[in-house]
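target-v7.txt follows; it contains compact mmCIF, C-alpha atoms.
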```
# COMPACT_ATOMS: atom_id res chain seq x y z
CA MET K 59 12.84 7.64 5.68
CA ARG K 60 11.15 4.26 6.00
CA PHE K 61 10.87 1.52 3.38
CA LEU K 62 8.18 -1.02 2.57
CA ALA K 63 8.14 -3.97 0.19
CA ILE K 64 4.67 -4.69 -1.18
CA THR K 65 2.91 -7.23 -3.36
CA LEU K 66 -0.48 -7.29 -5.05
CA ILE K 67 -0.01 -11.07 -5.54
CA VAL K 68 -0.38 -10.88 -9.29
CA HIS K 69 -0.86 -14.38 -10.70
CA ALA K 70 0.04 -14.05 -14.36
CA PRO K 71 2.59 -15.71 -16.63
CA ASP K 72 6.17 -14.66 -15.95
CA PRO K 73 6.77 -11.64 -18.23
CA VAL K 74 10.05 -13.13 -19.45
CA SER K 75 9.63 -16.92 -19.48
CA GLY K 76 5.86 -17.08 -19.95
CA ALA K 77 5.57 -19.76 -17.23
CA LEU K 78 2.66 -19.63 -14.79
CA LYS K 79 3.36 -20.78 -11.24
CA PRO K 80 0.80 -22.97 -9.48
CA THR K 81 -1.32 -21.00 -7.03
CA ALA K 82 0.25 -22.64 -3.98
CA ALA K 83 3.73 -21.85 -5.27
CA ARG K 84 2.77 -18.21 -5.83
CA PHE K 85 1.58 -17.91 -2.23
CA ARG K 86 4.79 -19.59 -1.03
CA GLU K 87 6.73 -16.98 -3.00
CA VAL K 88 4.87 -14.20 -1.16
CA LEU K 89 5.80 -15.71 2.19
CA ASP K 90 9.44 -16.08 1.13
CA ASN K 91 9.51 -12.47 -0.02
CA ALA K 92 8.15 -11.31 3.35
CA LEU K 93 10.86 -13.27 5.16
CA LEU K 94 13.48 -11.78 2.83
CA ALA K 95 12.18 -8.26 3.47
CA GLU K 96 12.53 -8.76 7.23
CA GLU K 97 15.96 -10.35 6.82
CA LEU K 98 17.23 -7.41 4.74
CA GLY K 99 15.91 -4.76 7.13
CA PHE K 100 12.82 -3.39 5.42
CA ASP K 101 10.50 -1.54 7.78
CA GLY K 102 7.25 -2.97 6.44
CA PHE K 103 5.69 -5.55 4.16
CA GLY K 104 2.40 -4.87 2.40
CA VAL K 105 -0.22 -7.09 0.76
CA GLY K 106 -2.78 -5.62 -1.63
CA GLU K 107 -6.45 -6.46 -1.97
CA ARG K 108 -8.03 -7.20 -5.33
CA HIS K 109 -11.02 -9.40 -6.13
CA GLU K 110 -10.45 -10.09 -9.81
CA TRP K 111 -8.08 -11.76 -12.25
CA PRO K 112 -5.05 -11.81 -12.36
CA PHE K 113 -4.74 -11.30 -8.59
CA LEU K 114 -4.68 -13.75 -5.66
CA SER K 115 -4.94 -11.00 -3.04
CA SER K 116 -8.63 -11.36 -2.15
CA SER K 117 -7.88 -12.12 1.54
CA PRO K 118 -5.11 -9.92 2.98
CA PRO K 119 -5.97 -10.73 6.63
CA VAL K 120 -5.29 -14.43 6.02
CA VAL K 121 -2.02 -13.83 4.17
CA LEU K 122 -0.80 -11.26 6.69
CA SER K 123 -1.70 -13.54 9.59
CA HIS K 124 0.55 -16.23 8.13
CA ILE K 125 3.32 -13.68 7.62
CA ALA K 126 2.84 -12.48 11.20
CA ALA K 127 3.49 -16.02 12.42
CA LEU K 128 6.71 -16.27 10.40
CA THR K 129 8.17 -12.86 11.27
CA SER K 130 8.86 -10.92 14.44
CA ARG K 131 9.82 -7.32 13.63
CA ILE K 132 8.56 -6.05 10.30
CA ARG K 133 5.35 -4.00 10.27
CA LEU K 134 2.47 -5.44 8.26
CA PHE K 135 0.52 -3.26 5.83
CA THR K 136 -2.54 -3.64 3.65
CA ALA K 137 -2.07 -2.06 0.25
CA VAL K 138 -4.93 -1.31 0.06
CA THR K 139 -7.95 -2.44 2.07
CA THR K 140 -10.92 -1.83 -0.24
CA LEU K 141 -13.44 -0.59 2.29
CA SER K 142 -15.95 0.38 -0.41
CA LEU K 143 -16.44 -3.36 -1.07
CA LEU K 144 -16.40 -4.61 2.52
CA ASP K 145 -18.74 -4.66 5.47
CA PRO K 146 -16.87 -2.40 7.93
CA VAL K 147 -17.90 -4.49 10.95
CA ARG K 148 -16.50 -7.66 9.41
CA ALA K 149 -13.37 -5.83 8.29
CA TYR K 150 -12.92 -4.51 11.83
CA GLU K 151 -13.20 -8.02 13.31
CA ASP K 152 -10.64 -9.44 10.89
CA TYR K 153 -8.10 -6.69 11.42
CA ALA K 154 -8.55 -6.39 15.18
CA THR K 155 -7.82 -10.12 15.36
CA LEU K 156 -4.77 -9.73 13.13
CA ASP K 157 -3.60 -6.81 15.27
CA HIS K 158 -3.39 -9.15 18.26
CA LEU K 159 -1.84 -12.04 16.34
CA SER K 160 0.89 -9.75 14.98
CA GLY K 161 1.72 -8.19 18.34
CA GLY K 162 0.50 -4.76 17.25
CA ARG K 163 2.46 -4.67 13.98
CA LEU K 164 -0.54 -3.94 11.75
CA GLU K 165 -1.10 -0.78 9.71
CA LEU K 166 -3.83 -0.24 7.15
CA ILE K 167 -3.82 1.60 3.86
CA ILE K 168 -7.43 1.99 2.78
CA GLY K 169 -9.00 2.95 -0.53
CA LYS K 170 -12.10 2.54 -2.62
CA GLY K 171 -10.35 0.05 -4.92
CA ASN K 172 -10.11 -0.17 -8.70
CA GLY K 173 -11.50 -2.54 -11.28
CA THR K 174 -14.93 -3.06 -12.80
CA ALA K 175 -15.04 -6.82 -12.20
CA GLN K 176 -14.52 -6.61 -8.44
CA ARG K 177 -16.98 -3.75 -8.15
CA GLU K 178 -19.63 -5.78 -9.95
CA LEU K 179 -18.81 -8.84 -7.83
CA PHE K 180 -19.86 -6.89 -4.72
CA HIS K 181 -22.74 -5.01 -6.40
CA VAL K 182 -21.07 -1.64 -5.97
CA THR K 183 -21.70 1.08 -8.55
CA PRO K 184 -19.34 3.84 -9.73
CA GLU K 185 -21.86 6.35 -8.41
CA ASP K 186 -21.87 5.05 -4.82
CA GLN K 187 -18.32 3.72 -4.48
CA TRP K 188 -16.85 6.84 -2.87
CA ASP K 189 -19.81 7.20 -0.50
CA ARG K 190 -19.46 3.56 0.51
CA ASN K 191 -15.76 4.06 1.16
CA ALA K 192 -16.36 7.12 3.36
CA GLU K 193 -19.21 5.50 5.31
CA SER K 194 -17.32 2.26 5.85
CA TYR K 195 -14.26 4.11 7.08
CA ASP K 196 -16.31 6.17 9.53
CA VAL K 197 -17.86 3.00 10.98
CA PHE K 198 -14.54 1.12 11.00
CA ARG K 199 -12.77 4.03 12.70
CA ARG K 200 -15.44 4.37 15.38
CA LEU K 201 -15.49 0.63 16.08
CA TRP K 202 -11.73 0.73 16.60
CA ARG K 203 -11.97 3.58 19.10
CA GLU K 204 -15.32 3.16 20.85
CA GLY K 205 -16.71 0.34 22.93
CA ARG K 206 -20.22 0.81 21.54
CA VAL K 207 -21.28 2.36 18.26
CA THR K 208 -24.58 3.73 17.02
CA ALA K 209 -24.66 4.69 13.34
CA ASP K 210 -27.41 5.32 10.78
CA THR K 211 -25.81 3.74 7.74
CA ARG K 212 -26.94 3.65 4.09
CA PHE K 213 -25.00 0.68 2.80
CA ARG K 214 -25.36 -1.85 5.61
CA PRO K 215 -27.88 -2.39 8.44
CA ALA K 216 -27.81 0.44 10.97
CA LEU K 217 -25.88 -0.05 14.20
CA LYS K 218 -27.42 0.64 17.59
CA ASP K 219 -25.24 0.44 20.67
CA ALA K 220 -23.22 -2.19 18.80
CA GLN K 221 -20.13 -3.93 20.15
CA ALA K 222 -17.54 -5.82 18.13
CA TRP K 223 -14.91 -8.23 19.37
CA PRO K 224 -12.05 -8.58 19.95
CA ARG K 225 -11.12 -5.13 21.08
CA PRO K 226 -7.92 -4.18 19.22
CA LEU K 227 -4.45 -4.28 20.68
CA GLN K 228 -3.40 -0.92 19.26
CA GLN K 229 -5.41 2.12 20.22
CA PRO K 230 -5.78 3.50 17.71
CA ILE K 231 -4.45 1.68 14.69
CA ARG K 232 -2.71 3.91 12.14
CA VAL K 233 -4.68 4.16 8.90
CA TRP K 234 -3.18 5.56 5.70
CA HIS K 235 -5.35 6.58 2.75
CA GLY K 236 -4.31 5.31 -0.65
CA SER K 237 -4.37 7.99 -3.33
CA ALA K 238 -4.24 7.31 -7.06
CA THR K 239 -6.33 9.59 -9.26
CA SER K 240 -9.10 11.34 -7.29
CA LYS K 241 -9.38 14.12 -4.75
CA GLU K 242 -11.95 12.19 -2.72
CA SER K 243 -9.29 10.01 -1.11
CA VAL K 244 -7.04 12.92 -0.14
CA ASP K 245 -10.01 14.91 1.15
CA LEU K 246 -11.02 12.00 3.40
CA ALA K 247 -7.47 11.61 4.73
CA ALA K 248 -7.12 15.33 5.42
CA ARG K 249 -10.50 15.52 7.15
CA TYR K 250 -9.53 12.86 9.68
CA GLY K 251 -5.89 13.95 10.03
CA ASP K 252 -4.64 10.63 8.63
CA PRO K 253 -1.47 9.99 6.59
CA LEU K 254 -1.62 9.72 2.80
CA PHE K 255 0.00 7.12 0.54
CA SER K 256 0.35 8.09 -3.12
CA ALA K 257 0.18 5.19 -5.58
CA ASN K 258 2.67 6.98 -7.85
CA VAL K 259 2.93 4.03 -10.23
CA THR K 260 0.98 4.38 -13.47
CA HIS K 261 1.71 7.94 -14.60
CA PRO K 262 4.47 10.56 -14.49
CA VAL K 263 4.86 12.53 -11.28
CA GLU K 264 2.63 15.55 -12.02
CA PRO K 265 -0.90 14.24 -11.24
CA TYR K 266 0.31 12.56 -8.05
CA ALA K 267 2.15 15.69 -6.93
CA GLU K 268 -1.02 17.72 -7.50
CA LEU K 269 -3.02 15.40 -5.26
CA VAL K 270 -0.38 15.59 -2.52
CA ARG K 271 -0.44 19.39 -2.77
CA HIS K 272 -4.25 19.32 -2.44
CA TYR K 273 -3.95 17.02 0.60
CA ARG K 274 -1.64 19.49 2.32
CA GLU K 275 -4.05 22.34 1.62
CA ARG K 276 -7.05 20.42 2.93
CA TRP K 277 -5.09 19.28 5.99
CA VAL K 278 -4.59 22.92 7.01
CA HIS K 279 -8.20 23.77 6.07
CA HIS K 280 -9.41 21.16 8.57
CA GLY K 281 -7.32 22.74 11.32
CA HIS K 282 -4.55 20.16 11.67
CA ASP K 283 -0.96 21.05 12.49
CA PRO K 284 1.15 20.89 9.28
CA ALA K 285 3.94 19.31 11.31
CA GLY K 286 1.80 16.17 11.61
CA ILE K 287 1.56 15.51 7.87
CA ALA K 288 2.93 12.16 6.67
CA VAL K 289 3.07 11.11 3.02
CA GLY K 290 4.17 7.82 1.49
CA ALA K 291 4.80 7.10 -2.18
CA GLY K 292 5.05 4.04 -4.37
CA THR K 293 7.41 3.10 -7.18
CA ALA K 294 6.71 1.55 -10.58
CA GLY K 295 9.61 -0.89 -10.50
CA LEU K 296 12.98 -1.61 -8.92
CA TYR K 297 16.28 -2.91 -10.13
CA VAL K 298 19.51 -1.66 -8.57
CA ALA K 299 22.81 -2.76 -10.08
CA PRO K 300 26.42 -1.56 -9.75
CA SER K 301 26.07 0.47 -12.98
CA SER K 302 23.21 2.02 -14.92
CA GLN K 303 24.15 0.03 -18.01
CA GLU K 304 23.88 -3.26 -16.15
CA ALA K 305 20.58 -2.26 -14.55
CA VAL K 306 18.93 -1.24 -17.83
CA ALA K 307 20.21 -4.30 -19.68
CA ALA K 308 18.90 -6.67 -17.01
CA TYR K 309 15.53 -4.92 -16.75
CA ARG K 310 14.82 -4.72 -20.50
CA ALA K 311 13.31 -8.19 -20.80
CA VAL K 312 11.14 -7.53 -17.75
CA PHE K 313 9.82 -4.28 -19.19
CA GLU K 314 9.17 -5.74 -22.63
CA GLY K 315 7.28 -8.65 -21.09
CA GLN K 316 5.15 -6.30 -19.00
CA LEU K 317 4.49 -4.15 -22.06
CA ALA K 318 3.29 -7.17 -24.02
CA PHE K 319 1.00 -8.19 -21.13
CA GLN K 320 -0.52 -4.69 -21.01
CA LYS K 321 -1.23 -4.85 -24.73
CA ARG K 322 -2.92 -8.27 -24.36
CA LEU K 323 -5.20 -6.67 -21.79
CA GLY K 324 -6.03 -3.90 -24.25
CA LEU K 325 -4.23 -1.23 -22.24
CA GLU K 326 -2.43 1.63 -23.93
CA PRO K 327 1.07 1.89 -22.43
CA VAL K 328 1.84 5.19 -20.70
CA PHE K 329 5.57 4.61 -21.16
CA PRO K 330 6.14 2.98 -24.58
CA THR K 331 9.88 2.34 -24.23
CA LEU K 332 12.17 1.25 -21.42
CA GLU K 333 14.16 4.46 -21.73
CA ASP K 334 10.96 6.50 -21.30
CA PHE K 335 9.90 4.30 -18.39
CA VAL K 336 13.22 4.80 -16.58
CA ALA K 337 13.23 8.55 -17.27
CA ARG K 338 9.62 9.59 -16.62
CA SER K 339 8.07 6.96 -14.34
CA SER K 340 8.76 6.43 -10.65
CA ALA K 341 10.68 3.22 -11.43
CA LEU K 342 14.04 2.96 -9.65
CA VAL K 343 16.22 1.31 -12.28
CA GLY K 344 19.89 2.22 -12.21
CA SER K 345 22.98 2.47 -10.08
CA PRO K 346 22.68 3.19 -6.33
CA GLN K 347 23.51 6.87 -6.87
CA GLN K 348 20.95 7.19 -9.66
CA VAL K 349 18.28 5.65 -7.45
CA VAL K 350 19.17 7.99 -4.57
CA ASP K 351 19.00 10.99 -6.88
CA LYS K 352 15.62 9.97 -8.28
CA VAL K 353 14.08 9.48 -4.85
CA HIS K 354 15.32 12.95 -3.91
CA ARG K 355 13.68 14.41 -7.03
CA TYR K 356 10.37 12.84 -6.08
CA HIS K 357 10.80 13.94 -2.48
CA GLU K 358 11.03 17.53 -3.69
CA ARG K 359 7.54 17.12 -5.16
CA PHE K 360 5.90 14.99 -2.46
CA GLY K 361 7.80 15.57 0.77
CA HIS K 362 7.27 11.87 1.42
CA THR K 363 8.94 10.04 4.29
CA VAL K 364 7.89 6.46 3.42
CA LEU K 365 8.66 4.67 0.16
CA HIS K 366 7.42 1.35 -1.14
CA VAL K 367 9.18 -0.90 -3.64
CA HIS K 368 8.05 -4.13 -5.30
CA ALA K 369 8.51 -7.26 -3.22
CA ASP K 370 8.11 -9.51 -6.27
CA ALA K 371 10.83 -10.42 -8.75
CA GLY K 372 8.44 -9.62 -11.58
CA GLY K 373 10.41 -11.44 -14.27
CA LEU K 374 13.87 -11.08 -12.78
CA SER K 375 15.61 -14.23 -11.67
CA ARG K 376 15.35 -14.79 -7.92
CA ASP K 377 19.11 -14.26 -7.55
CA ARG K 378 19.02 -10.97 -9.44
CA HIS K 379 16.01 -9.81 -7.46
CA ARG K 380 17.73 -10.60 -4.17
CA ARG K 381 20.95 -8.86 -5.24
CA SER K 382 18.94 -5.78 -6.20
CA LEU K 383 17.19 -5.66 -2.83
CA GLU K 384 20.48 -6.23 -1.02
CA LEU K 385 22.11 -3.38 -2.94
CA PHE K 386 19.11 -1.17 -2.24
CA GLN K 387 19.37 -1.85 1.49
CA SER K 388 23.17 -1.55 1.68
CA GLU K 389 23.81 1.47 -0.56
CA VAL K 390 20.54 3.28 -1.17
CA ALA K 391 18.43 3.04 1.98
CA PRO K 392 21.15 4.19 4.43
CA VAL K 393 21.78 7.35 2.39
CA LEU K 394 18.07 8.17 2.21
CA ARG K 395 17.53 7.39 5.90
CA ARG K 396 20.17 9.98 6.78
CA ALA K 397 18.92 12.62 4.34
CA ILE K 398 15.13 12.32 4.65
CA PRO K 399 13.38 12.31 8.03
CA ASP K 400 11.07 9.62 9.32
CA PRO K 401 7.32 10.22 9.52
CA PRO K 402 6.25 12.40 12.45
CA PHE K 403 5.17 9.45 14.60
CA ALA K 404 6.82 6.48 16.26
CA TRP K 405 7.42 3.54 13.94
CA GLY K 406 5.95 0.87 16.14
CA PRO K 407 2.78 -0.26 17.86
CA ALA K 408 0.36 2.36 19.05
CA PRO K 409 -0.58 2.19 22.75
CA SER K 410 -2.68 -0.81 23.70
CA SER K 411 -6.36 -0.19 24.31
CA PRO K 412 -7.97 -0.99 27.64
CA GLU K 413 -10.13 -4.09 27.67
CA PRO K 414 -13.75 -3.04 28.39
CA ALA K 415 -15.88 -5.26 30.56
CA GLN K 416 -17.86 -7.81 28.55
CA ARG K 417 -21.61 -7.98 28.96
```
Structure translated into C-alpha cells:
Amino acid sequence: MRFLAITLIVHAPDPVSGALKPTAARFREVLDNALLAEELGFDGFGVGERHEWPFLSSSPPVVLSHIAALTSRIRLFTAVTTLSLLDPVRAYEDYATLDHLSGGRLELIIGKGNGTAQRELFHVTPEDQWDRNAESYDVFRRLWREGRVTADTRFRPALKDAQAWPRPLQQPIRVWHGSATSKESVDLAARYGDPLFSANVTHPVEPYAELVRHYRERWVHHGHDPAGIAVGAGTAGLYVAPSSQEAVAAYRAVFEGQLAFQKRLGLEPVFPTLEDFVARSSALVGSPQQVVDKVHRYHERFGHTVLHVHADAGGLSRDRHRRSLELFQSEVAPVLRRAIPDPPFAWGPAPSSPEPAQR
C-alpha cells in the first residue's frame, strides 16, 4: 500500500483557537507540510483545486512547482484538477511544464469539481459540467499522447492539427479520476482504463463502496483486465496516539471546532458527535492497532491500494500533528505495506516521451 498526504489549502480560522493565519503564512505551512511528508517517508503529496472561499488552492501548478523545487523524491498529486472549469490546452501546458520541473514526479487526479461559487465564476452550469469534464479530459489526454490533435469541441474553439508545448516528460502521465457522489466519474475512469480515487470523506462507507463496485463492473464491461484495477481512498481525519483514549481526548476540540464551522456555513453535520465520527466515518483516530484495523475494514469494501491522509494539522498543535504522522509512519504504514499490495503499476515516473521535431 502507498500513502499520500494532501491539502485543499483551506484558509479559515483555526477550529480550536479561532485565529486566522495570514495568507503568506498559510502557504508557508503547506510547503513545510510537504517537506515533512517527504522527510517521514510518505509516497506522495497532493494539492487540491478550488476557486472559492475558504480555499487558497486556485493554482495547484504554481504550488506544486514550488514543492517540486524543495523536494526530490515524493510524487506530486493534484487533488483534484477541475477539468470542467479549465481550458484543457492551457491545463496541458501547465502540467507538462510541471512534469519536467519535477523530474517526472507528477500525477493527476481529475474531477468535475464541487461548489456553486466556482462553477458560476467560470460560467459553467450544472447541466453541462459533466460534459465539459469529459470533453476536457479527452482533449487533455490526446494532447499528452499525440504530437498533433484535431478535435471538434463544444466548450472551447475546435482544434485542427494543433500542437502544444512543451511535450511532456512522462509518456503517458498517470491520471486518476476523483469519485465522490456520481457514477459519471467512475464511468469515465473505467472507459479509459484509468485508476479511481474515492473521496471517502463526507459520508459513511456505503455510497463510496457502491461507486467502487460500479467502477469494477464498468472496467470489465469496457474490456480491461481486472488485474489492472487500482483504487485509492481518502480519510476524513487523522490522529494517531499511543492509546485510543489519548487520541479521542486530543481530537475532541478539533472535531467540535469543525462542527461549529460547518454549522456557521449552514451545513447539517453527517456525524453529530465525535464518537459517531470516529465509529462511522473514514477518520483514523485511535491507537496504531485501531487505525490498522479500520483501514483493513475499508480495504474489504474498496480493495484500495493507495490511501490519503490530511497533511494539515487542522486544529492540532504542530507538535501533536507531527507526532501523529510519525506514529502513523512508524507503526501503521509498515504493517499496511506488508499486508496490502501496491497498485499494479510502478510507483515512479512513466517512460519519457520522444521529442518530436519542431516546425
Query - Given only C-alpha atoms as the counted atoms, nearest of K:Thr129, K:Gly373, K:Leu227, K:Leu134 to Leu94 of chain K - result: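 Closest to Leu94 of chain K of all the choices is K:Thr129.
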Atom CA of Val312 of chain K sits from atom CA of His368 of chain K at a separation of 13.3 Å
Interatomic distance between atom CA of Val343 of chain K and atom CA of Val88 of chain K?
->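 Going from atom CA of Val343 of chain K over to atom CA of Val88 of chain K covers 22.2 Å.
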Polymer residues at most 9 Å from segment 293-306 of chain K, all atoms listed in the file, same-chain spacing of 5 or more positions, as number ranges by chain: K: 257-260, 332-333, 335-336, 339-346, 348-349, 365-368, 372, 374, 378-379, 381-386, 390
Min atom-atom distance to Ala175 of chain K from the set K:Ala216, K:Ala209, K:Ala149, K:Leu143, counting all atoms listed in the file, belongs to K:Leu143
In Å and to one decimal, atom CA of Ala288 of chain K is distant from atom CA of Val121 of chain K by 26.6 Å
request  = For segment 95-102 of chain K, please output as an MDAnalysis selection string all residues within 12 Å (counting all atoms listed in the file; exclusion window: fewer than 2 positions along the same chain).
outcome  = chainID K and resid 59:65 88:93 104:105 122 125:126 128:137 163:166 364:370 379:388 391:392 395 400 405:406
Kindly save the residues from that selection, with C-alpha atoms included, as an mmCIF file, keeping the file's coordinate frame.
```cif
data_model
loop_
_atom_site.group_PDB
_atom_site.id
_atom_site.type_symbol
_atom_site.label_atom_id
_atom_site.label_comp_id
_atom_site.auth_asym_id
_atom_site.auth_seq_id
_atom_site.Cartn_x
_atom_site.Cartn_y
_atom_site.Cartn_z
ATOM 1 C CA MET K 59 12.840 7.640 5.680
ATOM 2 C CA ARG K 60 11.150 4.260 6.000
ATOM 3 C CA PHE K 61 10.870 1.520 3.380
ATOM 4 C CA LEU K 62 8.180 -1.020 2.570
ATOM 5 C CA ALA K 63 8.140 -3.970 0.190
ATOM 6 C CA ILE K 64 4.670 -4.690 -1.180
ATOM 7 C CA THR K 65 2.910 -7.230 -3.360
ATOM 8 C CA VAL K 88 4.870 -14.200 -1.160
ATOM 9 C CA LEU K 89 5.800 -15.710 2.190
ATOM 10 C CA ASP K 90 9.440 -16.080 1.130
ATOM 11 C CA ASN K 91 9.510 -12.470 -0.020
ATOM 12 C CA ALA K 92 8.150 -11.310 3.350
ATOM 13 C CA LEU K 93 10.860 -13.270 5.160
ATOM 14 C CA GLY K 104 2.400 -4.870 2.400
ATOM 15 C CA VAL K 105 -0.220 -7.090 0.760
ATOM 16 C CA LEU K 122 -0.800 -11.260 6.690
ATOM 17 C CA ILE K 125 3.320 -13.680 7.620
ATOM 18 C CA ALA K 126 2.840 -12.480 11.200
ATOM 19 C CA LEU K 128 6.710 -16.270 10.400
ATOM 20 C CA THR K 129 8.170 -12.860 11.270
ATOM 21 C CA SER K 130 8.860 -10.920 14.440
ATOM 22 C CA ARG K 131 9.820 -7.320 13.630
ATOM 23 C CA ILE K 132 8.560 -6.050 10.300
ATOM 24 C CA ARG K 133 5.350 -4.000 10.270
ATOM 25 C CA LEU K 134 2.470 -5.440 8.260
ATOM 26 C CA PHE K 135 0.520 -3.260 5.830
ATOM 27 C CA THR K 136 -2.540 -3.640 3.650
ATOM 28 C CA ALA K 137 -2.070 -2.060 0.250
ATOM 29 C CA ARG K 163 2.460 -4.670 13.980
ATOM 30 C CA LEU K 164 -0.540 -3.940 11.750
ATOM 31 C CA GLU K 165 -1.100 -0.780 9.710
ATOM 32 C CA LEU K 166 -3.830 -0.240 7.150
ATOM 33 C CA VAL K 364 7.890 6.460 3.420
ATOM 34 C CA LEU K 365 8.660 4.670 0.160
ATOM 35 C CA HIS K 366 7.420 1.350 -1.140
ATOM 36 C CA VAL K 367 9.180 -0.900 -3.640
ATOM 37 C CA HIS K 368 8.050 -4.130 -5.300
ATOM 38 C CA ALA K 369 8.510 -7.260 -3.220
ATOM 39 C CA ASP K 370 8.110 -9.510 -6.270
ATOM 40 C CA HIS K 379 16.010 -9.810 -7.460
ATOM 41 C CA ARG K 380 17.730 -10.600 -4.170
ATOM 42 C CA ARG K 381 20.950 -8.860 -5.240
ATOM 43 C CA SER K 382 18.940 -5.780 -6.200
ATOM 44 C CA LEU K 383 17.190 -5.660 -2.830
ATOM 45 C CA GLU K 384 20.480 -6.230 -1.020
ATOM 46 C CA LEU K 385 22.110 -3.380 -2.940
ATOM 47 C CA PHE K 386 19.110 -1.170 -2.240
ATOM 48 C CA GLN K 387 19.370 -1.850 1.490
ATOM 49 C CA SER K 388 23.170 -1.550 1.680
ATOM 50 C CA ALA K 391 18.430 3.040 1.980
ATOM 51 C CA PRO K 392 21.150 4.190 4.430
ATOM 52 C CA ARG K 395 17.530 7.390 5.900
ATOM 53 C CA ASP K 400 11.070 9.620 9.320
ATOM 54 C CA TRP K 405 7.420 3.540 13.940
ATOM 55 C CA GLY K 406 5.950 0.870 16.140
#
```
message = Ranking K:Ser256, K:Gln316, K:Asn191, K:Thr155 by minimum distance to Pro226 of chain K and counting only C-alpha atoms, which one comes first?
response =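 The answer is K:Thr155, which sits nearest to Pro226 of chain K.
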Q: For Leu254 of chain K, please output as number ranges by chain all residues within 9 Å (counting all atoms listed in the file; exclusion window: fewer than 4 positions along the same chain).
A: K: 167, 233-237, 243-244, 247-248, 270, 273, 287-291
Keeping C-alpha atoms, export the residues of the selection given above as an mmCIF file, keeping the file's coordinate frame.
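Writing the result to out_23.cif gives the following:
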```cif
data_model
loop_
_atom_site.group_PDB
_atom_site.id
_atom_site.type_symbol
_atom_site.label_atom_id
_atom_site.label_comp_id
_atom_site.auth_asym_id
_atom_site.auth_seq_id
_atom_site.Cartn_x
_atom_site.Cartn_y
_atom_site.Cartn_z
ATOM 1 C CA ILE K 167 -3.820 1.600 3.860
ATOM 2 C CA VAL K 233 -4.680 4.160 8.900
ATOM 3 C CA TRP K 234 -3.180 5.560 5.700
ATOM 4 C CA HIS K 235 -5.350 6.580 2.750
ATOM 5 C CA GLY K 236 -4.310 5.310 -0.650
ATOM 6 C CA SER K 237 -4.370 7.990 -3.330
ATOM 7 C CA SER K 243 -9.290 10.010 -1.110
ATOM 8 C CA VAL K 244 -7.040 12.920 -0.140
ATOM 9 C CA ALA K 247 -7.470 11.610 4.730
ATOM 10 C CA ALA K 248 -7.120 15.330 5.420
ATOM 11 C CA VAL K 270 -0.380 15.590 -2.520
ATOM 12 C CA TYR K 273 -3.950 17.020 0.600
ATOM 13 C CA ILE K 287 1.560 15.510 7.870
ATOM 14 C CA ALA K 288 2.930 12.160 6.670
ATOM 15 C CA VAL K 289 3.070 11.110 3.020
ATOM 16 C CA GLY K 290 4.170 7.820 1.490
ATOM 17 C CA ALA K 291 4.800 7.100 -2.180
#
```
Near segment 202-208 of chain K, counting all atoms listed in the file, which residues have an atom at most 6 Å away, once you skip same-chain residues fewer than 3 positions from it, shown as a list in words?
->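 Once the adjacent positions are removed, what remains is Arg199, Leu217, Lys218, Asp219, Ala220 and Gln221 of chain K.
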Can you find the residues with an atom no farther than 12 Å from (-1.6, 22.2, 2.1), counting only C-alpha atoms, and report them as a ChimeraX atom specification? /K:244-245,248,267-288,360-361
